[in-house]
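Worksheet for the structure shown next.
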Amino acid sequence: MSQGPYDLAVVGAGIVGLAHALAARRLGKRVIVLDREAANVGASIRNFGFVTVTGQERGAQWCRALRSRDVWDELAGPAGIANLHSGLTLAVQTEEGLAVVESFLATEMGADCRLLDPDTALARYPHLNPEALQGVLESPHERRVEARQAIARLTHWLAEALGVTFAFGVNVRAVDPPRVETSAGPVEAGAIAICPGSDATGPFAERLADYGLSKCKLHMLRAAPLPGTYRQTAAVMGDLSLVRYPGYADLAEAADLTERLEAEPSAGHALAHGIHLIAVQSADGSLVLGDSHAYADAPDPFQPAEVDDAILNVARATLALDDVRVTERWTGVYAACAGRENLIDRPRPDVRQVVITSGTGMSTAFALAEESVGELFDRDPSASPLPV
Ligand SMILES: Cc1cc2nc3c(=O)[nH]c(=O)nc-3n(C[C@H](O)[C@H](O)[C@H](O)COP(=O)(O)OP(=O)(O)OC[C@H]3O[C@@H](n4cnc5c(N)ncnc54)[C@H](O)[C@@H]3O)c2cc1C
């Protein structure tokens, strides 16, 4: 491992760390990324790869998602990261859900979105379940990448095309710029960005403890390609998403929807496990379906079948799925913090700790990293083009 000197050392090679490396390279900085694992096996390869804009918290978070979506578009060609879906179709199955969508459309966030009636929606999206369909919220903003490929390709491209140094299998123990203490010896860097994901035990752990961080465990499933012509061109969500994503859930109309869903046995059971539906399709036709949310300081590693079955029930109620054969099951964990989507902690002028404390890293990390790197170097990386 090259000991430096570097302008920026990034701790963590998940999407947040990679986004920091990219932002710093836009400013022409010399960058090293250090990760204790041999490759990223954290939250960043376990997610849907769903780059969500519509539904993000109103204000700064929604703007971060738009900017991050633009960065994914910028990377698609140079880094070879294919966009598999554009947009979102949110299937509404209750009158209360329709009221939330109508209220959302009246906000500035709804400007480019629209509500389709069931006939129009089904003609356009025949993979939706017609039963109980009241309408579809259509958003043009979203993207979808295959997370496990996208993280590997982004890492490779940052190294090969942008000259970022990567050191995997290297644990960072302490940080005192210009010195970074690692399991492979010291590294010299003028500034340091610690992007540890859900692991709050590293440098400046005591400061992360002050934020009251917890963790969220999610169940994910992959279903085999379906026979016939089933083809999703956009990600699918449903009513349960309207009470989970703050862009909708913070609207006054969401209270009635929550009451209605809690009163229904199937939806109530799903809500008890923090389930809402995201369904995306991969290049081979398989579907990635999820997810559930269980909060704990130390999530257990178990994946009860009851929770997977509840996810599949929501999927069948929303999508025209005759038969689903699950081929992969996995869990993932992200950092969680009540009432907070992310944090940029500033232990010293030349150090930042950046943690996304909600399930939004693939949607917002690029913009958040530009804020954090912009502070460290007193220059806005978003004003600079890709350095290739
Ligand atoms: C199942 C699931 C589905 C999700 N779906 C979506 C989605 O579709 N869209 C979306 O926007 N978001 C989604 N999210 C959220 C998103 O995945 C996370 O917000 C994001 O991946 C967090 O990225 P990260 O880089 O902070 O963490 P990670 O990817 O976990 O990376 C952190 C890295 O830091 C390293 N590290 C930690 N401490 C040290 C140390 N001391 N020394 C060296 N290395 C260290 C770890 O080894 C790890 O590789 C989902 C999350 C999960 C779990």
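So you can find residues: chains in the structure tokens are A, B, ... in the order shown, residues in each start at 1, and ligands are numbered from 1 in order.
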
Within 6 Å of ligand 1, which residues show up when you count only C-alpha atoms and all ligand atoms? List them as a compact mmCIF listing (two decimals) with all heavy atoms, in the first residue's frame, please.
```txt
# COMPACT_ATOMS: atom_id res chain seq x y z
N VAL A 11 -12.29 6.49 4.39
CA VAL A 11 -12.43 5.22 5.12
C VAL A 11 -13.79 4.63 4.73
O VAL A 11 -14.84 5.21 5.03
CB VAL A 11 -12.37 5.45 6.64
CG1 VAL A 11 -12.47 4.11 7.38
CG2 VAL A 11 -11.10 6.20 7.02
N GLY A 12 -13.77 3.47 4.05
CA GLY A 12 -15.02 2.82 3.64
C GLY A 12 -15.21 2.90 2.14
O GLY A 12 -15.19 3.98 1.55
N ALA A 13 -15.38 1.74 1.50
CA ALA A 13 -15.54 1.67 0.04
C ALA A 13 -16.97 1.32 -0.36
O ALA A 13 -17.20 0.67 -1.38
CB ALA A 13 -14.55 0.66 -0.55
N GLY A 14 -17.94 1.72 0.46
CA GLY A 14 -19.34 1.63 0.05
C GLY A 14 -19.67 2.84 -0.82
O GLY A 14 -18.79 3.63 -1.18
N ILE A 15 -20.95 2.98 -1.16
CA ILE A 15 -21.32 4.07 -2.07
C ILE A 15 -20.96 5.44 -1.49
O ILE A 15 -20.57 6.35 -2.24
CB ILE A 15 -22.84 3.99 -2.44
CG1 ILE A 15 -23.17 5.00 -3.54
CG2 ILE A 15 -23.75 4.20 -1.23
CD1 ILE A 15 -22.48 4.80 -4.84
N VAL A 16 -21.01 5.59 -0.17
CA VAL A 16 -20.70 6.90 0.41
C VAL A 16 -19.20 7.20 0.27
O VAL A 16 -18.81 8.31 -0.13
CB VAL A 16 -21.15 6.97 1.89
CG1 VAL A 16 -20.79 8.31 2.51
CG2 VAL A 16 -22.66 6.72 2.00
N GLY A 17 -18.35 6.21 0.53
CA GLY A 17 -16.91 6.40 0.36
C GLY A 17 -16.56 6.63 -1.10
O GLY A 17 -15.76 7.52 -1.43
N LEU A 34 -9.71 3.34 1.80
CA LEU A 34 -9.29 2.20 2.63
C LEU A 34 -10.54 1.45 3.11
O LEU A 34 -11.50 2.09 3.57
CB LEU A 34 -8.53 2.71 3.86
CG LEU A 34 -7.32 3.61 3.54
CD1 LEU A 34 -7.18 4.71 4.58
CD2 LEU A 34 -6.06 2.76 3.47
N ASP A 35 -10.53 0.13 2.97
CA ASP A 35 -11.66 -0.64 3.49
C ASP A 35 -11.14 -1.90 4.16
O ASP A 35 -10.24 -2.56 3.63
CB ASP A 35 -12.66 -1.00 2.38
CG ASP A 35 -14.02 -1.39 2.95
OD1 ASP A 35 -14.10 -2.41 3.68
OD2 ASP A 35 -15.00 -0.66 2.71
N ARG A 36 -11.73 -2.25 5.28
CA ARG A 36 -11.23 -3.40 6.04
C ARG A 36 -11.59 -4.73 5.38
O ARG A 36 -10.95 -5.75 5.62
CB ARG A 36 -11.77 -3.37 7.46
CG ARG A 36 -13.28 -3.48 7.57
CD ARG A 36 -13.67 -3.92 8.98
NE ARG A 36 -13.41 -2.90 9.94
CZ ARG A 36 -14.34 -2.23 10.61
NH1 ARG A 36 -15.61 -2.49 10.39
NH2 ARG A 36 -14.01 -1.33 11.51
N GLU A 37 -12.61 -4.73 4.53
CA GLU A 37 -12.99 -5.97 3.84
C GLU A 37 -12.20 -6.10 2.54
O GLU A 37 -11.67 -5.12 2.03
CB GLU A 37 -14.49 -5.96 3.52
CG GLU A 37 -15.40 -5.82 4.72
CD GLU A 37 -15.47 -7.09 5.57
OE1 GLU A 37 -14.98 -8.15 5.12
OE2 GLU A 37 -16.01 -7.00 6.68
N ASN A 40 -16.32 -4.43 -1.07
CA ASN A 40 -17.51 -3.99 -0.34
C ASN A 40 -18.52 -5.13 -0.29
O ASN A 40 -18.92 -5.68 -1.32
CB ASN A 40 -18.16 -2.77 -1.00
CG ASN A 40 -19.41 -2.34 -0.22
OD1 ASN A 40 -20.53 -2.69 -0.58
ND2 ASN A 40 -19.22 -1.60 0.85
N VAL A 41 -18.90 -5.51 0.92
CA VAL A 41 -19.95 -6.52 1.10
C VAL A 41 -21.03 -5.97 2.01
O VAL A 41 -21.81 -6.70 2.59
CB VAL A 41 -19.39 -7.85 1.66
CG1 VAL A 41 -18.58 -8.58 0.61
CG2 VAL A 41 -18.55 -7.61 2.93
N GLY A 42 -21.05 -4.64 2.16
CA GLY A 42 -21.98 -3.99 3.08
C GLY A 42 -23.29 -3.65 2.40
O GLY A 42 -23.71 -4.27 1.41
N ALA A 43 -23.94 -2.62 2.94
CA ALA A 43 -25.26 -2.24 2.47
C ALA A 43 -25.26 -1.91 0.97
O ALA A 43 -26.24 -2.16 0.27
CB ALA A 43 -25.76 -1.03 3.26
N SER A 44 -24.12 -1.41 0.47
CA SER A 44 -24.12 -0.87 -0.89
C SER A 44 -24.27 -1.93 -1.98
O SER A 44 -24.67 -1.60 -3.09
CB SER A 44 -22.85 -0.04 -1.12
OG SER A 44 -22.80 1.00 -0.18
N ARG A 46 -26.12 -4.68 -1.31
CA ARG A 46 -27.28 -5.49 -0.91
C ARG A 46 -28.60 -4.83 -1.28
O ARG A 46 -29.67 -5.38 -1.00
CB ARG A 46 -27.24 -5.72 0.60
CG ARG A 46 -26.03 -6.53 1.01
CD ARG A 46 -25.88 -6.57 2.52
NE ARG A 46 -24.62 -7.18 2.86
CZ ARG A 46 -24.48 -8.23 3.65
NH1 ARG A 46 -25.54 -8.78 4.21
NH2 ARG A 46 -23.30 -8.71 3.91
N ASN A 47 -28.54 -3.64 -1.81
CA ASN A 47 -29.77 -2.88 -2.02
C ASN A 47 -30.38 -3.14 -3.40
O ASN A 47 -29.85 -3.88 -4.21
CB ASN A 47 -29.52 -1.39 -1.77
CG ASN A 47 -28.44 -0.84 -2.67
OD1 ASN A 47 -28.51 -1.01 -3.87
ND2 ASN A 47 -27.43 -0.20 -2.10
N PHE A 48 -31.52 -2.47 -3.66
CA PHE A 48 -32.22 -2.61 -4.94
C PHE A 48 -31.48 -1.89 -6.07
O PHE A 48 -31.84 -2.05 -7.23
CB PHE A 48 -33.61 -1.95 -4.86
CG PHE A 48 -34.54 -2.57 -3.87
CD1 PHE A 48 -34.60 -2.13 -2.57
CD2 PHE A 48 -35.38 -3.60 -4.26
CE1 PHE A 48 -35.47 -2.69 -1.66
CE2 PHE A 48 -36.26 -4.17 -3.36
CZ PHE A 48 -36.30 -3.71 -2.05
N GLY A 49 -30.56 -0.99 -5.71
CA GLY A 49 -29.97 -0.13 -6.72
C GLY A 49 -31.00 0.86 -7.25
O GLY A 49 -30.90 1.36 -8.37
N PHE A 50 -31.98 1.13 -6.41
CA PHE A 50 -33.09 2.00 -6.81
C PHE A 50 -32.72 3.44 -6.43
O PHE A 50 -32.55 3.75 -5.25
CB PHE A 50 -34.35 1.54 -6.08
CG PHE A 50 -35.60 2.30 -6.42
CD1 PHE A 50 -35.80 2.87 -7.68
CD2 PHE A 50 -36.61 2.41 -5.48
CE1 PHE A 50 -36.97 3.54 -7.96
CE2 PHE A 50 -37.78 3.08 -5.77
CZ PHE A 50 -37.96 3.65 -7.01
N VAL A 51 -32.56 4.28 -7.43
CA VAL A 51 -32.18 5.67 -7.23
C VAL A 51 -33.51 6.45 -7.18
O VAL A 51 -34.10 6.76 -8.21
CB VAL A 51 -31.26 6.15 -8.36
CG1 VAL A 51 -30.85 7.60 -8.15
CG2 VAL A 51 -30.04 5.24 -8.48
N VAL A 170 -7.78 -3.48 4.79
CA VAL A 170 -7.01 -2.58 5.67
C VAL A 170 -7.97 -1.90 6.65
O VAL A 170 -8.87 -1.15 6.25
CB VAL A 170 -6.28 -1.50 4.83
CG1 VAL A 170 -5.60 -0.48 5.73
CG2 VAL A 170 -5.26 -2.16 3.90
N ASN A 171 -7.80 -2.19 7.92
CA ASN A 171 -8.67 -1.61 8.95
C ASN A 171 -8.11 -0.27 9.41
O ASN A 171 -6.91 -0.15 9.65
CB ASN A 171 -8.74 -2.58 10.14
CG ASN A 171 -9.74 -2.12 11.18
OD1 ASN A 171 -10.80 -1.60 10.84
ND2 ASN A 171 -9.40 -2.29 12.45
N VAL A 172 -8.95 0.73 9.48
CA VAL A 172 -8.50 2.04 9.98
C VAL A 172 -8.81 2.11 11.47
O VAL A 172 -9.95 1.97 11.90
CB VAL A 172 -9.18 3.19 9.21
CG1 VAL A 172 -8.80 4.53 9.82
CG2 VAL A 172 -8.78 3.14 7.74
N ARG A 173 -7.75 2.33 12.25
CA ARG A 173 -7.90 2.30 13.71
C ARG A 173 -8.06 3.68 14.31
O ARG A 173 -8.79 3.87 15.27
CB ARG A 173 -6.66 1.66 14.34
CG ARG A 173 -6.44 0.23 13.94
CD ARG A 173 -5.12 -0.23 14.54
NE ARG A 173 -4.87 -1.62 14.24
CZ ARG A 173 -3.69 -2.10 13.92
NH1 ARG A 173 -2.64 -1.30 13.85
NH2 ARG A 173 -3.55 -3.38 13.68
N CYS A 195 -16.42 7.06 6.27
CA CYS A 195 -17.74 6.68 5.72
C CYS A 195 -18.00 5.22 6.09
O CYS A 195 -17.92 4.32 5.24
CB CYS A 195 -17.75 6.85 4.20
SG CYS A 195 -17.14 8.46 3.65
N PRO A 196 -18.29 4.95 7.37
CA PRO A 196 -18.24 3.58 7.89
C PRO A 196 -19.54 2.79 7.75
O PRO A 196 -19.62 1.66 8.23
CB PRO A 196 -17.93 3.81 9.36
CG PRO A 196 -18.67 5.09 9.68
CD PRO A 196 -18.62 5.92 8.40
N GLY A 197 -20.56 3.36 7.11
CA GLY A 197 -21.84 2.64 7.02
C GLY A 197 -22.44 2.46 8.40
O GLY A 197 -22.45 3.38 9.22
N ASP A 199 -21.33 0.65 10.78
CA ASP A 199 -20.34 0.32 11.81
C ASP A 199 -19.89 1.59 12.53
O ASP A 199 -19.11 2.37 12.00
CB ASP A 199 -19.14 -0.37 11.18
CG ASP A 199 -18.14 -0.82 12.23
OD1 ASP A 199 -18.10 -0.21 13.32
OD2 ASP A 199 -17.40 -1.78 11.96
N GLY A 202 -15.55 2.76 14.85
CA GLY A 202 -14.22 3.17 14.41
C GLY A 202 -13.76 4.46 15.04
O GLY A 202 -14.16 4.82 16.15
N LEU A 218 -32.99 -5.44 6.93
CA LEU A 218 -33.99 -5.56 5.86
C LEU A 218 -33.90 -6.95 5.22
O LEU A 218 -32.81 -7.49 5.08
CB LEU A 218 -33.74 -4.52 4.77
CG LEU A 218 -33.81 -3.04 5.16
CD1 LEU A 218 -32.50 -2.55 5.74
CD2 LEU A 218 -34.16 -2.19 3.95
N MET A 220 -34.51 -9.16 1.75
CA MET A 220 -34.57 -8.98 0.29
C MET A 220 -34.70 -10.35 -0.38
O MET A 220 -34.16 -11.35 0.11
CB MET A 220 -33.28 -8.32 -0.20
CG MET A 220 -32.99 -6.97 0.41
SD MET A 220 -33.96 -5.65 -0.31
CE MET A 220 -33.11 -5.45 -1.88
N THR A 331 -30.18 -10.61 3.74
CA THR A 331 -30.52 -9.47 4.58
C THR A 331 -29.44 -8.40 4.38
O THR A 331 -28.34 -8.68 3.93
CB THR A 331 -30.58 -9.83 6.08
OG1 THR A 331 -29.30 -10.31 6.49
CG2 THR A 331 -31.65 -10.85 6.38
N GLY A 332 -29.79 -7.20 4.74
CA GLY A 332 -28.83 -6.09 4.73
C GLY A 332 -29.10 -5.23 5.94
O GLY A 332 -30.20 -5.28 6.51
N VAL A 333 -28.10 -4.47 6.33
CA VAL A 333 -28.24 -3.59 7.50
C VAL A 333 -27.78 -2.20 7.11
O VAL A 333 -26.74 -2.06 6.46
CB VAL A 333 -27.39 -4.12 8.68
CG1 VAL A 333 -27.36 -3.12 9.82
CG2 VAL A 333 -27.93 -5.46 9.17
N TYR A 334 -28.56 -1.18 7.48
CA TYR A 334 -28.06 0.18 7.34
C TYR A 334 -28.16 0.92 8.66
O TYR A 334 -28.90 0.50 9.57
CB TYR A 334 -28.73 0.93 6.18
CG TYR A 334 -30.23 1.18 6.23
CD1 TYR A 334 -30.80 2.02 7.19
CD2 TYR A 334 -31.07 0.62 5.28
CE1 TYR A 334 -32.16 2.27 7.20
CE2 TYR A 334 -32.44 0.87 5.28
CZ TYR A 334 -32.98 1.70 6.25
OH TYR A 334 -34.32 1.95 6.27
N VAL A 355 -22.51 9.61 7.51
CA VAL A 355 -23.32 8.40 7.65
C VAL A 355 -24.72 8.68 7.11
O VAL A 355 -25.34 9.67 7.50
CB VAL A 355 -23.41 7.95 9.14
CG1 VAL A 355 -24.19 6.64 9.24
CG2 VAL A 355 -22.03 7.80 9.76
N ILE A 356 -25.17 7.82 6.24
CA ILE A 356 -26.56 7.92 5.76
C ILE A 356 -27.41 7.06 6.69
O ILE A 356 -27.19 5.85 6.80
CB ILE A 356 -26.65 7.50 4.29
CG1 ILE A 356 -25.85 8.53 3.46
CG2 ILE A 356 -28.12 7.42 3.84
CD1 ILE A 356 -26.04 8.52 1.99
N GLY A 359 -32.62 4.52 4.42
CA GLY A 359 -32.35 3.65 3.27
C GLY A 359 -32.21 4.42 1.98
O GLY A 359 -32.86 4.11 0.98
N THR A 360 -31.34 5.43 1.96
CA THR A 360 -31.30 6.34 0.81
C THR A 360 -29.90 6.53 0.21
O THR A 360 -29.70 7.46 -0.56
CB THR A 360 -31.86 7.73 1.22
OG1 THR A 360 -31.01 8.29 2.22
CG2 THR A 360 -33.27 7.64 1.75
N GLY A 361 -28.96 5.67 0.56
CA GLY A 361 -27.58 5.91 0.12
C GLY A 361 -27.40 5.90 -1.38
O GLY A 361 -26.64 6.70 -1.93
N MET A 362 -28.06 4.96 -2.08
CA MET A 362 -27.89 4.91 -3.54
C MET A 362 -28.53 6.13 -4.19
O MET A 362 -28.18 6.51 -5.30
CB MET A 362 -28.51 3.63 -4.11
CG MET A 362 -27.83 2.37 -3.65
SD MET A 362 -26.10 2.24 -4.11
CE MET A 362 -26.21 1.40 -5.69
N SER A 363 -29.48 6.75 -3.48
CA SER A 363 -30.23 7.88 -4.03
C SER A 363 -29.62 9.23 -3.71
O SER A 363 -29.91 10.20 -4.41
CB SER A 363 -31.66 7.85 -3.50
OG SER A 363 -32.23 6.58 -3.64
```

Find the residues around A:Phe166 up to 8 Å (only C-alpha atoms counted), leave out those fewer than 6 positions away in its own chain, and share them as a PyMOL selection string.
chain A and resi 32-34+159

List every residue of stretch 244-351 of chain A that DSSP, applied to the backbone, labels as strand (DSSP E), and write the result as a CSV table (one decimal) with N, CA, C and O atoms, in the first residue's frame.
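The resulting out-v7.csv:
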```
chain,number,residue,atom,x,y,z
A,278,ILE,N,-40.9,-2.6,-2.9
A,278,ILE,CA,-40.2,-2.1,-4.0
A,278,ILE,C,-40.0,-3.4,-4.9
A,278,ILE,O,-39.5,-4.4,-4.4
A,279,ALA,N,-40.3,-3.3,-6.2
A,279,ALA,CA,-40.1,-4.4,-7.1
A,279,ALA,C,-39.3,-3.8,-8.3
A,279,ALA,O,-39.8,-2.8,-8.9
A,280,VAL,N,-38.2,-4.4,-8.6
A,280,VAL,CA,-37.4,-3.9,-9.8
A,280,VAL,C,-37.0,-5.2,-10.5
A,280,VAL,O,-36.9,-6.3,-10.0
A,281,GLN,N,-36.7,-5.0,-11.8
A,281,GLN,CA,-36.4,-6.1,-12.7
A,281,GLN,C,-34.9,-6.0,-13.2
A,281,GLN,O,-34.5,-4.9,-13.5
A,287,LEU,N,-36.6,-10.7,-10.8
A,287,LEU,CA,-37.2,-9.6,-10.0
A,287,LEU,C,-36.5,-9.5,-8.7
A,287,LEU,O,-36.3,-10.5,-8.0
A,288,VAL,N,-36.1,-8.3,-8.2
A,288,VAL,CA,-35.7,-8.1,-6.8
A,288,VAL,C,-36.9,-7.5,-6.1
A,288,VAL,O,-37.4,-6.5,-6.5
A,289,LEU,N,-37.3,-8.2,-5.0
A,289,LEU,CA,-38.5,-7.8,-4.3
A,289,LEU,C,-38.1,-7.5,-2.8
A,289,LEU,O,-37.3,-8.3,-2.2
A,290,GLY,N,-38.7,-6.5,-2.2
A,290,GLY,CA,-38.5,-6.3,-0.8
A,290,GLY,C,-39.4,-5.2,-0.4
A,290,GLY,O,-40.2,-4.7,-1.2
A,294,ALA,N,-36.5,-3.9,10.4
A,294,ALA,CA,-36.6,-4.2,11.8
A,294,ALA,C,-35.4,-3.5,12.5
A,294,ALA,O,-34.3,-3.6,12.1
A,295,TYR,N,-35.7,-2.7,13.5
A,295,TYR,CA,-34.7,-1.8,14.1
A,295,TYR,C,-34.2,-2.4,15.4
A,295,TYR,O,-34.9,-3.0,16.2
A,296,ALA,N,-32.9,-2.4,15.5
A,296,ALA,CA,-32.2,-2.9,16.7
A,296,ALA,C,-30.8,-2.4,16.8
A,296,ALA,O,-30.2,-2.0,15.8
A,326,VAL,N,-38.6,-18.1,-5.6
A,326,VAL,CA,-37.5,-17.3,-5.0
A,326,VAL,C,-36.1,-18.1,-5.3
A,326,VAL,O,-36.0,-19.3,-5.0
A,327,THR,N,-35.2,-17.3,-5.8
A,327,THR,CA,-33.9,-18.0,-6.1
A,327,THR,C,-32.8,-17.4,-5.2
A,327,THR,O,-31.7,-18.1,-5.1
A,328,GLU,N,-33.0,-16.3,-4.5
A,328,GLU,CA,-32.0,-15.8,-3.6
A,328,GLU,C,-32.7,-15.1,-2.5
A,328,GLU,O,-33.7,-14.4,-2.7
A,329,ARG,N,-32.1,-15.2,-1.3
A,329,ARG,CA,-32.6,-14.4,-0.1
A,329,ARG,C,-31.4,-13.8,0.6
A,329,ARG,O,-30.4,-14.5,0.8
A,330,TRP,N,-31.5,-12.6,1.0
A,330,TRP,CA,-30.4,-12.0,1.8
A,330,TRP,C,-31.0,-10.9,2.7
A,330,TRP,O,-32.1,-10.4,2.5
A,331,THR,N,-30.2,-10.6,3.7
A,331,THR,CA,-30.5,-9.5,4.6
A,331,THR,C,-29.4,-8.4,4.4
A,331,THR,O,-28.3,-8.7,3.9
A,332,GLY,N,-29.8,-7.2,4.7
A,332,GLY,CA,-28.8,-6.1,4.7
A,332,GLY,C,-29.1,-5.2,5.9
A,332,GLY,O,-30.2,-5.3,6.5
A,333,VAL,N,-28.1,-4.5,6.3
A,333,VAL,CA,-28.2,-3.6,7.5
A,333,VAL,C,-27.8,-2.2,7.1
A,333,VAL,O,-26.7,-2.1,6.5
A,334,TYR,N,-28.6,-1.2,7.5
A,334,TYR,CA,-28.1,0.2,7.3
A,334,TYR,C,-28.2,0.9,8.7
A,334,TYR,O,-28.9,0.5,9.6
A,335,ALA,N,-27.4,2.0,8.8
A,335,ALA,CA,-27.4,2.8,10.0
A,335,ALA,C,-28.8,3.5,10.0
A,335,ALA,O,-29.3,4.0,9.0
A,336,ALA,N,-29.3,3.7,11.3
A,336,ALA,CA,-30.6,4.3,11.4
A,336,ALA,C,-30.5,5.3,12.6
A,336,ALA,O,-29.8,5.2,13.5
A,342,ASN,N,-29.5,11.6,7.3
A,342,ASN,CA,-28.1,11.4,7.2
A,342,ASN,C,-27.4,12.4,8.1
A,342,ASN,O,-28.1,13.2,8.8
A,343,LEU,N,-26.1,12.2,8.3
A,343,LEU,CA,-25.3,13.1,9.1
A,343,LEU,C,-23.9,13.4,8.6
A,343,LEU,O,-23.3,12.5,8.0
A,344,ILE,N,-23.5,14.6,8.7
A,344,ILE,CA,-22.1,15.0,8.4
A,344,ILE,C,-21.6,15.5,9.7
A,344,ILE,O,-22.0,16.6,10.2
A,345,ASP,N,-20.7,14.7,10.4
A,345,ASP,CA,-20.1,15.1,11.7
A,345,ASP,C,-18.8,15.7,11.4
A,345,ASP,O,-18.0,15.3,10.5
A,346,ARG,N,-18.4,16.7,12.2
A,346,ARG,CA,-17.2,17.5,12.0
A,346,ARG,C,-16.3,17.4,13.2
A,346,ARG,O,-16.3,18.4,14.0
A,347,PRO,N,-15.6,16.3,13.4
A,347,PRO,CA,-14.7,16.2,14.6
A,347,PRO,C,-13.6,17.2,14.6
A,347,PRO,O,-13.1,17.6,15.7
A,348,ARG,N,-13.1,17.6,13.4
A,348,ARG,CA,-12.0,18.5,13.3
A,348,ARG,C,-12.2,19.2,11.9
A,348,ARG,O,-12.9,18.7,11.1
A,351,VAL,N,-11.5,16.8,9.1
A,351,VAL,CA,-12.1,15.4,9.2
A,351,VAL,C,-13.6,15.5,9.1
A,351,VAL,O,-14.2,16.4,9.8
```

Identify which of the residues A:Gln353, A:Ser266, A:Leu386, A:Gly163 lies closest to A:Asp73, counting only C-alpha atoms when measuring atom-to-atom distances.
A:Leu386

Report the residues of stretch 29-260 of chain A whose backbone DSSP state falls under helix (DSSP H, G or I), written as a PyMOL selection string.
chain A and resi 43-46+60-79+95-105+108-110+118-124+147-160+205-209+239-242+246-249+254-260

Using only C-alpha atoms, can you tell me which of A:Phe204, A:Tyr125, A:Tyr230, A:Trp72 comes closest to A:Phe366?
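Closest to A:Phe366 of all the choices is A:Trp72.
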
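In this structure, atom CA of A:Val164 sits 22.3 Å away from atom CA of A:Arg69.
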
Contacts of stretch 372-383 of chain A within 12 Å, only C-alpha atoms, excl. fewer than 6 positions in-chain, as a PyMOL selection string:
chain A and resi 7-10+16-29+31+64+67-68+70-71+74+190-195+342-355+365-366

List as a PDB file with N, CA, C and O atoms, in the first residue's frame the protein and nucleic acid residues near A:Leu90, meaning an atom at most 7 Å away when only C-alpha atoms are counted, but skip any in the same chain fewer than 4 places from it.
```
ATOM      1  N   VAL A 136     -52.391   5.120 -10.636  1.00  0.00           N
ATOM      2  CA  VAL A 136     -50.933   4.944 -10.546  1.00  0.00           C
ATOM      3  C   VAL A 136     -50.265   6.310 -10.541  1.00  0.00           C
ATOM      4  O   VAL A 136     -50.545   7.148 -11.408  1.00  0.00           O
ATOM      5  N   LEU A 137     -49.422   6.523  -9.569  1.00  0.00           N
ATOM      6  CA  LEU A 137     -48.567   7.713  -9.576  1.00  0.00           C
ATOM      7  C   LEU A 137     -47.363   7.389 -10.461  1.00  0.00           C
ATOM      8  O   LEU A 137     -46.631   6.431 -10.189  1.00  0.00           O
ATOM      9  N   GLU A 138     -47.190   8.191 -11.495  1.00  0.00           N
ATOM     10  CA  GLU A 138     -46.080   7.958 -12.426  1.00  0.00           C
ATOM     11  C   GLU A 138     -45.065   9.079 -12.239  1.00  0.00           C
ATOM     12  O   GLU A 138     -45.413  10.258 -12.332  1.00  0.00           O
ATOM     13  N   VAL A 236     -41.584  -0.466  -9.198  1.00  0.00           N
ATOM     14  CA  VAL A 236     -42.969  -0.450  -8.701  1.00  0.00           C
ATOM     15  C   VAL A 236     -42.965  -0.328  -7.181  1.00  0.00           C
ATOM     16  O   VAL A 236     -42.169  -0.977  -6.494  1.00  0.00           O
ATOM     17  N   MET A 237     -43.843   0.525  -6.692  1.00  0.00           N
ATOM     18  CA  MET A 237     -44.112   0.622  -5.256  1.00  0.00           C
ATOM     19  C   MET A 237     -45.624   0.573  -5.072  1.00  0.00           C
ATOM     20  O   MET A 237     -46.369   0.457  -6.048  1.00  0.00           O
ATOM     21  N   GLY A 238     -46.096   0.694  -3.811  1.00  0.00           N
ATOM     22  CA  GLY A 238     -47.540   0.624  -3.566  1.00  0.00           C
ATOM     23  C   GLY A 238     -47.957   1.488  -2.386  1.00  0.00           C
ATOM     24  O   GLY A 238     -47.170   2.302  -1.885  1.00  0.00           O
TER      25      GLY A 238
END
```

Using only C-alpha atoms, find each residue in stretch 68-170 of chain A having at least one atom no more than 6 Å away from stretch 306-324 of chain A; report its shortest atom-to-atom pair and that distance in Å (one decimal), rows by chain then rising number, as CSV.
```
residue,atom,partner,partner_atom,distance
A:His127,CA,A:Ala320,CA,5.1
A:Leu128,CA,A:Leu319,CA,4.3
A:Asn129,CA,A:Ala320,CA,4.4
```

For N, CA and C atoms, I'd like the residues from the last selection saved as a PDB file, in the first residue's frame.
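Saved the output as result_20.pdb:
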```pdb
ATOM      1  N   HIS A 127     -47.994  -5.226 -16.206  1.00  0.00           N
ATOM      2  CA  HIS A 127     -47.476  -6.097 -15.150  1.00  0.00           C
ATOM      3  C   HIS A 127     -48.059  -5.742 -13.777  1.00  0.00           C
ATOM      4  N   LEU A 128     -48.934  -4.726 -13.722  1.00  0.00           N
ATOM      5  CA  LEU A 128     -49.569  -4.400 -12.433  1.00  0.00           C
ATOM      6  C   LEU A 128     -50.799  -5.274 -12.231  1.00  0.00           C
ATOM      7  N   ASN A 129     -51.096  -5.594 -10.979  1.00  0.00           N
ATOM      8  CA  ASN A 129     -52.291  -6.376 -10.643  1.00  0.00           C
ATOM      9  C   ASN A 129     -53.517  -5.465 -10.752  1.00  0.00           C
TER      10      ASN A 129
END
```

Surrounding residues of A:Ala267 excluding itself and chain neighbours under 4 positions, 12 Å, only C-alpha atoms, as a list in words
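Answer for this query is Gln93, Thr94, Gly238, Asp239, Leu240, Ser241, Val243, Leu257, Thr258, Glu259, Arg260, Leu261, Glu262, Ala263, Leu271, Ala272, His273, Gly274, Ile275, His276, Leu277, Ala310, Ile311, Asn313, Val314, Ala315, Ala317 and Thr318 of chain A.
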
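Considering only C-alpha atoms, the residue among A:Leu75, A:Asp119, A:His141, A:Ala39 positioned nearest to A:Leu88 is A:His141.
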
Quick one: everything within 8 Å of A:Thr233, counting only C-alpha atoms, minus sequence neighbours fewer than 2 positions away in the same chain. Send it as a VMD selection string.
chain A and resid 84 to 87 231 235
